[in-house]
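> The following file, my_file36.tsv, comprises TSV, C-alpha atoms and all ligand atoms:
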```
chain	number	residue	atom	x	y	z
A	21	MET	CA	24.37	-16.62	13.68
A	22	ASP	CA	25.63	-18.27	10.49
A	23	PHE	CA	25.64	-16.09	7.38
A	24	LEU	CA	23.67	-18.67	5.36
A	25	VAL	CA	20.94	-18.95	8.04
A	26	LEU	CA	20.61	-15.18	8.06
A	27	PHE	CA	20.42	-15.07	4.29
A	28	LEU	CA	17.67	-17.71	4.27
A	29	LEU	CA	15.79	-15.80	6.96
A	30	TYR	CA	16.09	-12.65	4.89
A	31	THR	CA	14.78	-14.39	1.77
A	32	LEU	CA	11.89	-15.86	3.77
A	33	VAL	CA	10.81	-12.41	4.97
A	34	LEU	CA	10.92	-11.06	1.40
A	35	LEU	CA	8.89	-14.02	0.16
A	36	LEU	CA	6.31	-13.49	2.90
A	37	VAL	CA	5.90	-9.87	1.81
A	38	VAL	CA	5.37	-10.99	-1.80
A	39	VAL	CA	2.84	-13.64	-0.69
A	40	PHE	CA	0.86	-11.07	1.29
A	41	ILE	CA	0.78	-8.72	-1.69
A	42	CYS	CA	-0.43	-11.61	-3.86
A	43	LEU	CA	-3.15	-12.45	-1.34
A	44	CYS	CA	-4.45	-8.89	-1.69
A	45	SER	CA	-5.29	-9.31	-5.32
A	46	ASP	CA	-7.91	-11.65	-6.72
A	47	HIS	CA	-6.44	-11.14	-10.19
A	48	ILE	CA	-2.98	-12.30	-9.12
A	49	VAL	CA	-4.48	-15.33	-7.36
A	50	ASP	CA	-6.32	-16.23	-10.57
A	51	ALA	CA	-3.14	-15.72	-12.63
A	52	VAL	CA	-1.12	-17.98	-10.30
A	53	ALA	CA	-3.88	-20.60	-10.48
A	54	GLN	CA	-3.68	-20.46	-14.31
A	55	ILE	CA	0.10	-21.00	-14.25
A	56	PHE	CA	-0.17	-24.05	-11.98
A	57	HIS	CA	-3.32	-25.32	-13.68
A	58	ASN	CA	-1.61	-28.38	-15.23
A	59	VAL	CA	0.63	-29.19	-12.27
A	60	VAL	CA	-1.62	-28.95	-9.20
A	61	PRO	CA	-4.56	-31.45	-8.89
A	62	SER	CA	-7.92	-29.81	-9.55
A	63	TRP	CA	-9.33	-30.63	-6.07
A	64	LEU	CA	-6.38	-28.84	-4.45
A	65	GLN	CA	-6.81	-25.84	-6.78
A	66	HIS	CA	-10.50	-25.69	-5.87
A	67	ILE	CA	-9.86	-25.76	-2.10
A	68	THR	CA	-7.04	-23.17	-2.29
A	69	GLN	CA	-8.97	-20.78	-4.54
A	70	ASN	CA	-12.09	-21.01	-2.35
A	71	ALA	CA	-10.05	-20.36	0.80
A	72	VAL	CA	-8.22	-17.36	-0.70
A	73	HIS	CA	-11.30	-15.83	-2.35
A	74	SER	CA	-13.50	-16.22	0.72
A	75	HIS	CA	-10.72	-14.64	2.80
A	76	CYS	CA	-10.46	-11.71	0.38
A	77	GLN	CA	-14.19	-11.32	-0.07
A	78	SER	CA	-15.26	-10.72	3.51
A	79	ARG	CA	-14.19	-8.00	5.89
A	80	ASN	CA	-11.66	-9.20	8.42
A	81	ILE	CA	-8.96	-7.61	10.49
A	82	THR	CA	-6.10	-10.00	9.59
A	83	PHE	CA	-4.17	-7.36	7.66
A	84	VAL	CA	-4.92	-4.62	10.20
A	85	ILE	CA	-3.35	-6.82	12.90
A	86	LEU	CA	-0.42	-7.71	10.62
A	87	HIS	CA	0.07	-3.99	9.93
A	88	LEU	CA	0.17	-3.23	13.66
A	89	VAL	CA	2.48	-6.19	14.42
A	90	LEU	CA	4.97	-5.06	11.73
A	91	GLU	CA	4.84	-1.47	13.01
A	92	VAL	CA	5.43	-2.59	16.62
A	93	ALA	CA	8.31	-4.89	15.51
A	94	VAL	CA	10.01	-2.09	13.52
A	95	PHE	CA	9.72	0.47	16.33
A	96	ALA	CA	10.72	-2.05	19.01
A	97	GLU	CA	13.93	-2.82	17.11
A	98	TYR	CA	14.53	0.89	16.47
A	99	SER	CA	14.00	1.83	20.14
A	100	TRP	CA	15.86	-1.15	21.53
A	101	GLU	CA	19.04	-1.18	19.42
A	102	ILE	CA	19.35	1.74	17.01
A	103	LEU	CA	18.20	4.68	19.16
A	104	GLY	CA	20.64	4.03	22.03
A	105	ALA	CA	23.55	3.30	19.67
A	106	CYS	CA	22.86	6.49	17.68
A	107	LEU	CA	22.75	8.55	20.90
A	108	GLU	CA	26.16	7.13	21.82
A	109	LEU	CA	27.41	8.17	18.37
A	110	GLU	CA	26.08	11.68	19.17
A	111	PHE	CA	23.31	11.87	16.58
A	112	HIS	CA	21.10	14.88	17.38
A	113	TRP	CA	18.12	13.82	19.52
A	114	PHE	CA	15.68	15.71	17.27
A	115	TYR	CA	16.49	13.45	14.29
A	116	LEU	CA	16.14	10.39	16.53
A	117	LEU	CA	12.74	11.38	17.93
A	118	LEU	CA	11.30	12.42	14.56
A	119	PRO	CA	10.17	8.81	13.70
A	120	TYR	CA	7.91	8.82	16.79
A	121	GLY	CA	6.29	12.05	15.59
A	122	LEU	CA	5.73	10.53	12.14
A	123	LEU	CA	4.32	7.38	13.79
A	124	THR	CA	1.81	9.44	15.81
A	125	VAL	CA	0.57	11.33	12.72
A	126	ASN	CA	0.51	8.14	10.63
A	127	THR	CA	-1.48	6.25	13.28
A	128	GLY	CA	-4.03	9.07	13.39
A	129	PHE	CA	-4.60	8.94	9.60
A	130	PHE	CA	-4.63	5.13	9.73
A	131	PHE	CA	-7.32	5.19	12.41
A	132	PHE	CA	-9.52	7.64	10.44
A	133	SER	CA	-9.03	5.62	7.21
A	134	CYS	CA	-10.28	2.53	9.08
A	135	VAL	CA	-13.31	3.98	10.85
A	136	THR	CA	-14.59	6.73	8.52
A	137	ASP	CA	-17.60	5.91	6.36
A	138	PRO	CA	-16.18	5.95	2.79
A	139	GLY	CA	-19.47	7.29	1.37
A	140	THR	CA	-22.06	4.53	1.65
A	141	ILE	CA	-24.97	5.07	-0.74
A	142	THR	CA	-28.34	4.48	0.91
A	143	LYS	CA	-31.98	5.11	-0.02
A	144	SER	CA	-31.95	8.37	1.93
A	145	ASN	CA	-28.91	9.94	0.25
A	146	LEU	CA	-29.30	8.33	-3.20
A	147	GLN	CA	-30.91	11.40	-4.84
A	148	GLN	CA	-28.09	13.64	-3.63
A	149	CYS	CA	-25.45	11.14	-4.75
A	150	LEU	CA	-27.00	10.95	-8.21
A	151	GLN	CA	-26.61	14.70	-8.66
A	152	VAL	CA	-22.92	14.96	-7.76
A	153	TYR	CA	-21.38	13.61	-11.01
A	154	SER	CA	-22.66	13.46	-14.56
A	155	TYR	CA	-22.57	10.19	-16.51
A	156	ASP	CA	-19.83	10.03	-19.13
A	157	GLU	CA	-21.78	7.26	-20.95
A	158	VAL	CA	-18.49	5.42	-21.49
A	159	VAL	CA	-17.43	4.04	-18.11
A	160	PHE	CA	-20.56	5.14	-16.25
A	161	ARG	CA	-23.95	4.88	-17.94
A	162	ARG	CA	-27.27	6.19	-16.62
A	163	ASN	CA	-30.17	3.95	-15.52
A	164	GLN	CA	-27.90	1.17	-14.26
A	165	PHE	CA	-28.92	-0.54	-11.02
A	166	CYS	CA	-26.86	-2.35	-8.44
A	167	PRO	CA	-28.22	-5.95	-8.44
A	168	THR	CA	-27.37	-6.38	-4.73
A	169	CYS	CA	-28.55	-3.07	-3.23
A	170	SER	CA	-31.30	-2.54	-5.88
A	171	LEU	CA	-30.34	1.14	-6.00
A	172	GLU	CA	-29.62	3.21	-9.09
A	173	LYS	CA	-25.87	3.54	-9.56
A	174	PRO	CA	-24.60	7.13	-9.31
A	175	ALA	CA	-21.73	7.97	-11.69
A	176	ARG	CA	-18.32	7.04	-10.22
A	177	SER	CA	-19.87	4.70	-7.63
A	178	LYS	CA	-19.28	0.96	-7.33
A	179	HIS	CA	-20.60	-1.89	-5.23
A	180	CYS	CA	-17.92	-3.26	-2.89
A	181	ARG	CA	-18.40	-7.02	-2.70
A	182	VAL	CA	-16.24	-7.24	0.44
A	183	CYS	CA	-18.29	-4.70	2.43
A	184	ASN	CA	-21.51	-5.45	0.51
A	185	ARG	CA	-22.47	-1.82	-0.09
A	186	CYS	CA	-22.40	0.76	-2.89
A	187	VAL	CA	-19.80	3.47	-2.31
A	188	GLN	CA	-19.74	6.98	-3.77
A	189	ARG	CA	-16.57	7.80	-5.79
A	190	PHE	CA	-15.32	4.27	-5.10
A	191	ASP	CA	-11.55	3.88	-5.34
A	192	HIS	CA	-10.82	0.37	-4.04
A	193	HIS	CA	-11.25	-1.85	-1.00
A	194	CYS	CA	-8.08	-1.74	1.10
A	195	VAL	CA	-7.42	-4.83	3.23
A	196	TRP	CA	-4.75	-2.97	5.24
A	197	VAL	CA	-7.36	-0.58	6.66
A	198	ASN	CA	-10.24	-3.09	6.32
A	199	ASN	CA	-12.40	-0.45	4.67
A	200	CYS	CA	-13.39	0.88	1.25
A	201	ILE	CA	-11.58	3.97	0.04
A	202	GLY	CA	-14.21	6.34	-1.31
A	203	ALA	CA	-15.52	9.91	-1.44
A	204	LEU	CA	-15.21	10.60	2.29
A	205	ASN	CA	-12.04	8.84	3.42
A	206	THR	CA	-9.60	9.29	0.52
A	207	ARG	CA	-8.60	12.50	2.36
A	208	TYR	CA	-7.33	10.35	5.25
A	209	PHE	CA	-5.97	7.50	3.16
A	210	LEU	CA	-3.61	9.67	1.07
A	211	PRO	CA	-1.89	11.34	4.07
A	212	TYR	CA	-1.73	7.88	5.67
A	213	LEU	CA	0.16	6.56	2.63
A	214	GLY	CA	2.37	9.66	2.48
A	215	THR	CA	3.36	9.51	6.16
A	216	LEU	CA	3.92	5.74	5.93
A	217	MET	CA	6.30	6.27	3.00
A	218	LEU	CA	8.10	9.12	4.83
A	219	MET	CA	8.38	7.06	8.01
A	220	ALA	CA	9.82	4.00	6.21
A	221	ALA	CA	12.24	6.07	4.11
A	222	TYR	CA	13.38	8.17	7.09
A	223	LEU	CA	13.96	5.10	9.31
A	224	ALA	CA	15.90	3.46	6.44
A	225	LEU	CA	18.03	6.60	6.10
A	226	LEU	CA	18.69	6.74	9.84
A	227	THR	CA	19.58	3.02	9.97
A	228	ALA	CA	21.90	3.36	6.95
A	229	ALA	CA	23.54	6.44	8.54
A	230	PHE	CA	24.14	4.46	11.74
A	231	LEU	CA	25.72	1.51	9.87
A	232	LEU	CA	27.85	3.86	7.78
A	233	GLN	CA	29.06	5.62	10.92
A	234	VAL	CA	29.99	2.22	12.42
A	235	VAL	CA	31.96	1.31	9.27
A	236	VAL	CA	33.81	4.66	9.26
A	237	LEU	CA	34.64	4.59	12.99
A	238	SER	CA	35.77	0.96	12.95
A	239	GLY	CA	38.15	1.65	10.06
A	240	LEU	CA	36.72	-1.42	8.30
A	241	MET	CA	37.14	0.20	4.88
A	242	LEU	CA	40.87	0.72	5.40
A	243	GLY	CA	41.59	-2.83	6.57
A	244	SER	CA	42.42	-6.04	4.73
A	245	TYR	CA	41.62	-9.73	5.17
A	246	GLN	CA	43.15	-13.11	4.37
A	247	ASP	CA	41.35	-15.76	2.34
A	248	ALA	CA	41.65	-19.56	2.86
A	249	ASP	CA	45.00	-19.56	0.99
A	250	ARG	CA	46.31	-16.86	3.37
A	251	GLN	CA	46.34	-14.33	0.55
A	252	GLU	CA	45.89	-10.69	1.63
A	253	TRP	CA	42.98	-8.72	0.09
A	254	ALA	CA	41.83	-5.11	0.52
A	255	THR	CA	38.37	-4.90	2.14
A	256	ALA	CA	35.65	-5.09	-0.54
A	257	ILE	CA	32.07	-3.85	-0.18
A	258	ASN	CA	30.64	-7.39	0.04
A	259	PHE	CA	33.02	-8.15	2.93
A	260	ILE	CA	31.81	-5.01	4.77
A	261	VAL	CA	28.15	-5.97	4.18
A	262	GLN	CA	28.84	-9.50	5.45
A	263	GLN	CA	30.58	-8.15	8.54
A	264	LEU	CA	27.67	-5.80	9.26
A	265	PHE	CA	25.25	-8.66	8.70
A	266	LEU	CA	27.10	-10.85	11.22
A	267	THR	CA	27.53	-8.06	13.80
A	268	PHE	CA	24.08	-6.42	13.53
A	269	PRO	CA	21.80	-9.08	11.97
A	270	ARG	CA	18.49	-7.57	13.12
A	271	ILE	CA	19.47	-4.04	12.09
A	272	VAL	CA	20.54	-5.12	8.58
A	273	LEU	CA	17.33	-7.16	8.28
A	274	LEU	CA	15.35	-4.10	9.34
A	275	LEU	CA	17.16	-1.93	6.78
A	276	GLY	CA	16.30	-4.40	3.98
A	277	PHE	CA	12.65	-4.46	5.02
A	278	LEU	CA	12.46	-0.65	5.27
A	279	LEU	CA	14.05	-0.17	1.83
A	280	LEU	CA	11.59	-2.63	0.28
A	281	LEU	CA	8.66	-0.98	2.06
A	282	SER	CA	9.80	2.51	0.98
A	283	LEU	CA	9.95	1.39	-2.66
A	284	LEU	CA	6.56	-0.37	-2.59
A	285	VAL	CA	4.69	2.34	-0.67
A	286	GLY	CA	6.58	5.10	-2.53
A	287	GLY	CA	5.55	3.72	-5.91
A	288	TYR	CA	1.95	3.28	-4.80
A	289	THR	CA	1.83	6.79	-3.26
A	290	CYS	CA	3.06	8.28	-6.56
A	291	PHE	CA	0.31	6.42	-8.42
A	292	MET	CA	-2.35	7.66	-5.95
A	293	LEU	CA	-1.01	11.22	-6.28
A	294	TYR	CA	-1.29	10.96	-10.06
A	295	LEU	CA	-4.92	9.82	-9.63
A	296	LEU	CA	-5.58	12.69	-7.20
A	297	LEU	CA	-4.18	15.36	-9.53
A	298	THR	CA	-6.05	13.99	-12.57
A	299	ASN	CA	-9.28	13.34	-10.62
A	300	GLN	CA	-9.50	9.62	-11.25
A	301	THR	CA	-10.11	6.67	-8.98
A	302	THR	CA	-8.24	3.35	-9.16
A	303	ASN	CA	-11.51	1.74	-10.28
A	304	GLU	CA	-11.86	4.27	-13.15
A	305	TRP	CA	-8.20	3.96	-14.13
A	306	PHE	CA	-8.62	0.21	-14.62
A	307	LYS	CA	-11.96	0.55	-16.40
A	308	GLN	CA	-10.60	3.23	-18.77
A	309	ARG	CA	-7.72	0.95	-19.82
A	310	TYR	CA	-10.31	-1.73	-20.53
A	311	VAL	CA	-12.52	0.67	-22.56
A	312	VAL	CA	-9.55	1.93	-24.64
A	313	ARG	CA	-8.33	-1.64	-25.27
A	314	ALA	CA	-11.84	-2.80	-26.22
A	315	ALA	CA	-12.22	0.17	-28.61
A	316	GLY	CA	-8.84	-0.64	-30.18
A	317	THR	CA	-9.89	-4.28	-30.68
A	318	VAL	CA	-13.09	-3.44	-32.58
A	319	GLY	CA	-11.43	-0.55	-34.40
A	320	THR	CA	-13.89	2.16	-33.37
A	321	GLN	CA	-12.69	5.75	-33.24
A	322	ARG	CA	-15.05	7.13	-30.60
A	323	HIS	CA	-13.41	5.80	-27.43
A	324	SER	CA	-9.94	4.99	-28.66
A	325	THR	CA	-8.58	8.06	-26.86
A	326	PHE	CA	-10.41	8.30	-23.55
A	327	LYS	CA	-11.06	11.76	-22.10
A	328	ASN	CA	-11.52	12.11	-18.36
A	329	GLU	CA	-14.59	14.33	-17.90
A	330	TYR	CA	-14.25	14.75	-14.16
A	331	SER	CA	-11.01	16.73	-13.99
A	332	LYS	CA	-11.45	20.30	-12.67
A	333	GLY	CA	-7.84	21.46	-12.74
A	334	LEU	CA	-5.20	20.77	-10.10
A	335	LEU	CA	-6.74	22.85	-7.30
A	336	GLY	CA	-10.29	21.69	-8.06
A	337	ASN	CA	-9.21	18.03	-8.07
A	338	PHE	CA	-7.34	18.51	-4.80
A	339	MET	CA	-10.33	20.23	-3.15
A	340	GLU	CA	-12.74	17.52	-4.31
A	341	VAL	CA	-10.80	14.90	-2.33
A	342	PHE	CA	-9.88	16.96	0.73
A	343	LYS	CA	-13.15	18.89	1.01
A	344	PRO	CA	-15.80	16.38	-0.09
A	345	ASN	CA	-19.56	16.85	-0.09
A	346	VAL	CA	-20.98	16.91	3.40
A	347	TYR	CA	-24.41	15.34	2.81
A	348	PHE	CA	-23.10	11.95	3.97
A	349	LYS	CA	-22.98	13.33	7.49
A	350	GLU	CA	-26.70	12.70	7.66
A	351	LYS	CA	-26.05	9.10	6.68
A	352	GLU	CA	-28.26	6.15	7.28
A	353	MET	CA	-26.12	3.17	8.21
I	1	ZN	ZN	-24.58	-2.08	-4.26
I	2	ZN	ZN	-15.15	-2.40	0.88
```
As structure tokens, please, write out the structure in this file.

Amino acid sequence: MDFLVLFLLYTLVLLLVVVFICLCSDHIVDAVAQIFHNVVPSWLQHITQNAVHSHCQSRNITFVILHLVLEVAVFAEYSWEILGACLELEFHWFYLLLPYGLLTVNTGFFFFSCVTDPGTITKSNLQQCLQVYSYDEVVFRRNQFCPTCSLEKPARSKHCRVCNRCVQRFDHHCVWVNNCIGALNTRYFLPYLGTLMLMAAYLALLTAAFLLQVVVLSGLMLGSYQDADRQEWATAINFIVQQLFLTFPRIVLLLGFLLLLSLLVGGYTCFMLYLLLTNQTTNEWFKQRYVVRAAGTVGTQRHSTFKNEYSKGLLGNFMEVFKPNVYFKEKEM
């Protein structure tokens, strides 16, 4: 395959990833619409925005299927090309089977993140939900009602417009698991993210080790090449990368995807860990920034430095997520 075709294919995959991330966020869609406001005709803007928003605002399994397709594609390529080649290069079988173990654990947490009730607030459990957290009167104020469910809003809860329900300790709605992340399933979602990051990073490491071994054994680094003017050059790193790209196009493509995924999921996992250890939700983190900014704008002192009232220390914060209240077990769906 021609180098340029491969490069274009590579760029296309990266762009697709960026587009999917953009599709996940209403805010980014709005921002993009603002940028192209003067260029794109208004009727086209209207149709596109409606299509994207309606897609984002109703539960659907598009991203769950995409998630599974990507996972199958990565493991098919790993099993088909990399595993056998690594065995021939005498990599220890334990290191080669470890990704399957990580996949099994990750799939388990993924499944529970998808199917577990995140903490739906209903008439029957409302009184219990109201007693769990106190109102900080900054982000969460008492006597507020959800206009859709007509239920009083417990502190730290939020109505999910995608699932059309109020959720206790609402974090966010995740399209990849097609479920809200709330009081009862954050304990599955965090290990899911952690194992996904480990799996991507470990597969990237294994793939890079395989390619490095190929370069060392082939003596590519010690060689030289001639350019169009028949001038002799010592092998440079870009020449080695190009050679690897031409010899193992799918494996290099996979490595690029895994590195990108490790960075994206790694960054997001770190953010979620920070929220876990400080006892905040993504929803609260965004609202607090808004409150602090609003206070700064009007020049008031009271809320200019926001204090998180819900933190109970590292162990307490950890236990709150991984050992949540059990009253939802008697839920009314
Ligand atoms: Zn509601
Ligand atoms: Zn939801």
> Excluding same-chain residues fewer than 3 positions from Gln151 in chain A, what lies within 9 Å of it counting all atoms listed in the file, as a list in words?
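The residues satisfying every condition are Leu146, Gln147, Gln148, Ser154, Pro174 and Ala175 of chain A.
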> Can you write just those residues out, C-alpha atoms, as an mmCIF file, in the frame of the given file?

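Output contents, as saved in out.cif:
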```cif
data_model
loop_
_atom_site.group_PDB
_atom_site.id
_atom_site.type_symbol
_atom_site.label_atom_id
_atom_site.label_comp_id
_atom_site.auth_asym_id
_atom_site.auth_seq_id
_atom_site.Cartn_x
_atom_site.Cartn_y
_atom_site.Cartn_z
ATOM 1 C CA LEU A 146 -29.300 8.330 -3.200
ATOM 2 C CA GLN A 147 -30.910 11.400 -4.840
ATOM 3 C CA GLN A 148 -28.090 13.640 -3.630
ATOM 4 C CA SER A 154 -22.660 13.460 -14.560
ATOM 5 C CA PRO A 174 -24.600 7.130 -9.310
ATOM 6 C CA ALA A 175 -21.730 7.970 -11.690
#
```
> Pick out the residues no farther than 12 Å from ligand ZN 1 (chain I), counting only C-alpha atoms and all ligand atoms, and list them as a ChimeraX atom specification.
/A:140-143,146,164-174,177-188,190
> Could you name the residues that touch Asn199 in chain A at 8 Å or less, counting only C-alpha atoms, but leaving out those on the same chain fewer than 3 positions away, as a PyMOL selection string?
chain A and resi 79+133-135+138+183+193-195
> I'd like the box whose edges run along x, y and z of the file and which contains every listed atom of range 175-191 of chain A, padded by 3 Å per side; could you state its centre and edge lengths in Å, one decimal, as JSON?

```
{"center_x": -17.0, "center_y": 0.4, "center_z": -4.6, "size_x": 16.9, "size_y": 21.2, "size_z": 20.1}
```
> By how many Å are CA of Glu252 in chain A and CA of Val236 in chain A apart?
21.0 Å
> Counting all atoms listed in the file, which residue out of A:Tyr288, A:Phe83, A:Phe111, A:Tyr208 sits closest to Leu226 in chain A?
A:Phe111
> Have a look at A:Val158, A:Val197, A:Leu36, A:Leu103 and name the one nearest to ligand ZN 2 (chain I); count all atoms listed in the file.
A:Val197
> Could you state the separation of CA of Ala221 in chain A and CA of Thr82 in chain A in Å, given to one decimal place?
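Result for CA of Ala221 in chain A versus CA of Thr82 in chain A: 25.0 Å, one decimal.
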> Between CA of Leu274 in chain A and CA of Ala256 in chain A, measure the distance and give it in Å to one decimal.
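Value for the CA of Leu274 in chain A-CA of Ala256 in chain A distance: 22.6 Å.
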> Per residue of range 165-282 of chain A within 8 Å of range 289-300 of chain A, record the nearest atom pair and its distance in Å to one decimal, counting all atoms listed in the file, with rows in chain order and ascending residue number, as a tab-separated table.

```
residue	atom	partner	partner_atom	distance
A:Leu210	CA	A:Met292	CA	7.4
A:Leu213	CA	A:Thr289	CA	6.1
A:Gly214	CA	A:Thr289	CA	6.4
A:Met217	CA	A:Thr289	CA	7.7
```
> Could the residues in this selection be saved with C-alpha atoms as an mmCIF file, in the coordinates of the input?

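File written: selection_2.cif
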```
data_model
loop_
_atom_site.group_PDB
_atom_site.id
_atom_site.type_symbol
_atom_site.label_atom_id
_atom_site.label_comp_id
_atom_site.auth_asym_id
_atom_site.auth_seq_id
_atom_site.Cartn_x
_atom_site.Cartn_y
_atom_site.Cartn_z
ATOM 1 C CA LEU A 210 -3.610 9.670 1.070
ATOM 2 C CA LEU A 213 0.160 6.560 2.630
ATOM 3 C CA GLY A 214 2.370 9.660 2.480
ATOM 4 C CA MET A 217 6.300 6.270 3.000
#
```
> Leaving out Ser99 in chain A and any residue of its chain fewer than 3 positions from it, which residues lie within 12 Å of it when counting all atoms listed in the file, given as a list in words?
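So the residues in contact are Val92, Ala93, Val94, Phe95, Ala96, Ile102, Leu103, Gly104, Ala105, Cys106, Leu107, Leu116, Leu117, Pro119, Tyr120, Leu223, Thr227 and Ile271 of chain A.
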> So, with only C-alpha atoms and all ligand atoms as the atoms that count, which of A:Arg207, A:Lys307, A:His87, A:His192 lies closest to ligand ZN 2 (chain I)?
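Checking each of A:Arg207, A:Lys307, A:His87, A:His192 against ligand ZN 2 (chain I), counting only C-alpha atoms and all ligand atoms, the winner is A:His192.
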> From the list A:Cys149, A:Leu123, A:Leu283, A:Val89, which residue is nearest Met219 in chain A when using all atoms listed in the file?
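Closest to Met219 in chain A of all the choices is A:Leu123.
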> Using only C-alpha atoms and all ligand atoms, which of the listed residues (A:Glu91, A:Leu86, A:Asn205, A:Val152) sits closest to ligand ZN 2 (chain I)?
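Among the listed residues, A:Asn205 lies closest to ligand ZN 2 (chain I).
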